[in-house]
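Peer 1: Attaching a single structure in structure tokens format; questions to follow.
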Amino acid sequence: MSTTDSRNDSKARLPRDERRAQLLAAALEVFTAAGYHSAAMDEIADRAGVSKPVLYQHFPSKLDLYLAVLDIHIDSLVFEIQKAIASTPENSNRVRATVVAYFNFIESEGEAFRLLFESDMSVEPAVRERLTRMTYDCAAAVSAVISLDTGLPQEAAMLLGVGLIGSAQITARHWLERDSKLSRQQATDLVSNLMWRGISGFPRTDER
């Protein structure tokens, strides 16, 4: 058996979950660099070191692959936001933890952040549904605390939650795009202080 055959045979025996992770990582790189419409399945397969038929065994279409990439990183971001809010009982620290979670995400997963917030596929219904769900799930985690703490009705608390999440997302994106001279610590301090000054103006209920 030749060296090439041996290498191909080794690739063929890669466990399905590992192969899937390999393909998703390659797809993220290509989609981020080229955008959805210019990305080619051939290039993604080459980047992953597999044949195109193997790629299609896991993902029947380019859209299926794109949605799978979105799903994994949306779930990751939502989890980090939920974890940040649950990390402390102090609301000022919750605000800071939420901002830090966004900045940590873009620093460690900058490609994923660009895919989530700079997608050229945002008009595609399946993509828009996922991005809307991401915002809703993050805001819901924030709004639950706001509602409990202030006694505001759910709709009002959700609006404030969306506002806080949007502020964290947009400022983190600005910091990333501008290659800011501000350190991450300086940036998160500024944004956290701004957001806390706003949300702390809503009085807490007597029970709290």
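Order determines the names: the first chain of the structure tokens is A, the second B, and so forth; residues in each chain are numbered 1 upward, and ligands are numbered 1 upward as they are shown.
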Got a sec to tell me which of region 1-206 of chain A DSSP assigns to alpha helix (DSSP H), as an MDAnalysis selection string?
Peer 2: chainID A and resid 3:12 16:34 41:48 52:58 62:86 91:108 110:117 125:150 154:178 184:199
Peer 1: Please, could you write that set of residues out with C-alpha atoms as a compact mmCIF listing (two decimals), in the first residue's frame?
Peer 2:
# COMPACT_ATOMS: atom_id res chain seq x y z
CA THR A 3 1.88 6.25 1.50
CA THR A 4 -0.99 8.13 -0.16
CA ASP A 5 -3.31 5.12 0.13
CA SER A 6 -2.36 4.72 3.78
CA ARG A 7 -3.07 8.37 4.49
CA ASN A 8 -6.42 8.21 2.68
CA ASP A 9 -7.36 5.04 4.54
CA SER A 10 -6.50 6.75 7.84
CA LYS A 11 -8.71 9.69 6.90
CA ALA A 12 -11.54 7.35 5.97
CA ARG A 16 -17.80 10.83 12.27
CA ASP A 17 -17.88 13.52 14.97
CA GLU A 18 -14.22 14.34 14.41
CA ARG A 19 -14.72 14.48 10.66
CA ARG A 20 -17.72 16.76 11.11
CA ALA A 21 -15.71 19.11 13.35
CA GLN A 22 -12.92 19.14 10.77
CA LEU A 23 -15.33 20.05 7.99
CA LEU A 24 -17.02 22.77 10.05
CA ALA A 25 -13.67 24.36 10.91
CA ALA A 26 -12.64 24.41 7.26
CA ALA A 27 -16.03 25.81 6.23
CA LEU A 28 -15.79 28.61 8.81
CA GLU A 29 -12.46 29.71 7.37
CA VAL A 30 -13.70 29.69 3.78
CA PHE A 31 -17.07 31.31 4.49
CA THR A 32 -15.44 34.07 6.52
CA ALA A 33 -12.79 34.78 3.91
CA ALA A 34 -14.95 34.55 0.80
CA MET A 41 -17.55 23.38 -1.76
CA ASP A 42 -14.42 22.27 -3.65
CA GLU A 43 -12.34 24.76 -1.68
CA ILE A 44 -13.88 23.70 1.62
CA ALA A 45 -13.19 20.05 0.86
CA ASP A 46 -9.59 20.87 -0.10
CA ARG A 47 -9.14 22.92 3.08
CA ALA A 48 -10.42 19.99 5.15
CA LYS A 52 -16.02 16.54 -2.24
CA PRO A 53 -18.14 13.35 -2.05
CA VAL A 54 -17.07 12.96 1.59
CA LEU A 55 -18.10 16.55 2.27
CA TYR A 56 -21.50 15.94 0.69
CA GLN A 57 -21.97 12.80 2.77
CA HIS A 58 -22.01 15.01 5.84
CA LYS A 62 -23.64 24.42 0.82
CA LEU A 63 -26.58 25.97 2.68
CA ASP A 64 -26.78 22.96 5.02
CA LEU A 65 -23.10 23.36 5.76
CA TYR A 66 -23.42 27.10 6.33
CA LEU A 67 -26.33 26.64 8.72
CA ALA A 68 -24.42 23.99 10.65
CA VAL A 69 -21.50 26.40 11.07
CA LEU A 70 -23.88 29.10 12.28
CA ASP A 71 -25.60 26.75 14.72
CA ILE A 72 -22.45 25.65 16.48
CA HIS A 73 -21.20 29.20 17.04
CA ILE A 74 -24.60 30.62 17.94
CA ASP A 75 -24.92 27.94 20.61
CA SER A 76 -21.44 28.79 21.86
CA LEU A 77 -22.17 32.51 22.16
CA VAL A 78 -25.57 32.02 23.82
CA PHE A 79 -24.01 29.63 26.33
CA GLU A 80 -21.28 32.14 27.19
CA ILE A 81 -23.83 34.91 27.75
CA GLN A 82 -26.01 32.69 29.92
CA LYS A 83 -22.98 31.59 31.91
CA ALA A 84 -21.86 35.20 32.40
CA ILE A 85 -25.24 36.24 33.80
CA ALA A 86 -25.34 33.23 36.14
CA ASN A 91 -26.18 43.14 38.75
CA SER A 92 -23.27 45.51 38.13
CA ASN A 93 -21.02 42.47 37.83
CA ARG A 94 -23.56 40.75 35.59
CA VAL A 95 -23.41 43.66 33.18
CA ARG A 96 -19.61 43.55 33.18
CA ALA A 97 -19.56 39.77 32.76
CA THR A 98 -21.90 40.02 29.77
CA VAL A 99 -19.72 42.63 28.07
CA VAL A 100 -16.59 40.61 28.82
CA ALA A 101 -18.23 37.51 27.34
CA TYR A 102 -18.77 39.31 24.02
CA PHE A 103 -15.23 40.68 23.91
CA ASN A 104 -13.78 37.27 24.87
CA PHE A 105 -15.83 35.65 22.12
CA ILE A 106 -14.59 37.96 19.39
CA GLU A 107 -11.00 37.67 20.58
CA SER A 108 -11.03 33.88 20.68
CA GLY A 110 -13.08 36.36 15.60
CA GLU A 111 -13.94 34.43 12.44
CA ALA A 112 -17.13 33.13 13.99
CA PHE A 113 -18.05 36.60 15.24
CA ARG A 114 -17.71 38.02 11.73
CA LEU A 115 -19.81 35.20 10.32
CA LEU A 116 -22.57 35.83 12.86
CA PHE A 117 -22.66 39.62 12.59
CA PRO A 125 -34.91 33.05 5.86
CA ALA A 126 -33.16 30.13 7.56
CA VAL A 127 -30.16 32.30 8.39
CA ARG A 128 -32.27 35.22 9.60
CA GLU A 129 -34.27 32.88 11.82
CA ARG A 130 -31.11 31.66 13.48
CA LEU A 131 -29.65 35.14 13.98
CA THR A 132 -32.96 36.34 15.42
CA ARG A 133 -33.04 33.37 17.77
CA MET A 134 -29.49 34.13 18.88
CA THR A 135 -30.41 37.71 19.80
CA TYR A 136 -33.61 36.57 21.49
CA ASP A 137 -31.92 33.87 23.57
CA CYS A 138 -29.17 36.22 24.74
CA ALA A 139 -31.64 39.01 25.50
CA ALA A 140 -33.99 36.61 27.29
CA ALA A 141 -31.26 35.67 29.72
CA VAL A 142 -30.70 39.36 30.50
CA SER A 143 -34.39 40.28 30.59
CA ALA A 144 -35.22 37.56 33.12
CA VAL A 145 -32.95 39.27 35.65
CA ILE A 146 -34.25 42.72 34.76
CA SER A 147 -37.86 41.65 35.21
CA LEU A 148 -37.18 39.94 38.52
CA ASP A 149 -35.15 42.85 39.81
CA THR A 150 -37.32 45.77 38.73
CA GLN A 154 -41.87 40.96 30.41
CA GLU A 155 -42.19 43.02 27.22
CA ALA A 156 -40.47 46.04 28.77
CA ALA A 157 -37.73 43.90 30.34
CA MET A 158 -37.13 42.17 27.00
CA LEU A 159 -36.76 45.50 25.22
CA LEU A 160 -34.12 46.55 27.74
CA GLY A 161 -32.43 43.16 27.39
CA VAL A 162 -32.23 43.57 23.61
CA GLY A 163 -30.79 47.06 24.13
CA LEU A 164 -28.07 45.80 26.45
CA ILE A 165 -27.18 42.86 24.23
CA GLY A 166 -27.14 45.09 21.15
CA SER A 167 -24.82 47.59 22.84
CA ALA A 168 -22.38 44.87 23.87
CA GLN A 169 -22.41 43.31 20.41
CA ILE A 170 -21.99 46.54 18.45
CA THR A 171 -19.23 47.95 20.64
CA ALA A 172 -17.34 44.66 20.60
CA ARG A 173 -17.64 44.54 16.83
CA HIS A 174 -16.42 48.14 16.53
CA TRP A 175 -13.44 47.35 18.76
CA LEU A 176 -12.57 44.32 16.63
CA GLU A 177 -12.95 46.06 13.26
CA ARG A 178 -10.99 49.16 14.21
CA ARG A 184 -9.68 44.82 25.84
CA GLN A 185 -9.75 45.72 29.54
CA GLN A 186 -10.11 49.43 28.78
CA ALA A 187 -12.84 48.76 26.24
CA THR A 188 -14.86 46.47 28.49
CA ASP A 189 -14.55 48.94 31.39
CA LEU A 190 -15.90 51.78 29.26
CA VAL A 191 -18.79 49.78 27.83
CA SER A 192 -19.68 48.17 31.16
CA ASN A 193 -19.77 51.52 32.92
CA LEU A 194 -21.96 53.02 30.20
CA MET A 195 -24.44 50.15 30.30
CA TRP A 196 -24.57 49.96 34.10
CA ARG A 197 -25.23 53.69 34.43
CA GLY A 198 -28.22 53.21 32.16
CA ILE A 199 -29.76 50.05 33.61
Peer 1: Could you tell me how far CA of Pro89 (chain A) lies from CA of Pro153 (chain A), in Å and to one decimal?
Peer 2: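 Result for CA of Pro89 (chain A) versus CA of Pro153 (chain A): 20.9 Å, one decimal.
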Peer 1: Calculate how many Å separate CA of Leu14 (chain A) from CA of Ala40 (chain A), rounding to one decimal.
Peer 2: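 Those two atoms sit 23.3 Å apart.
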Peer 1: Expressed in Å to a single decimal, how great is the separation between CA of Ser183 (chain A) and CA of Gly201 (chain A)?
Peer 2: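 Interatomic distance here is 27.9 Å.
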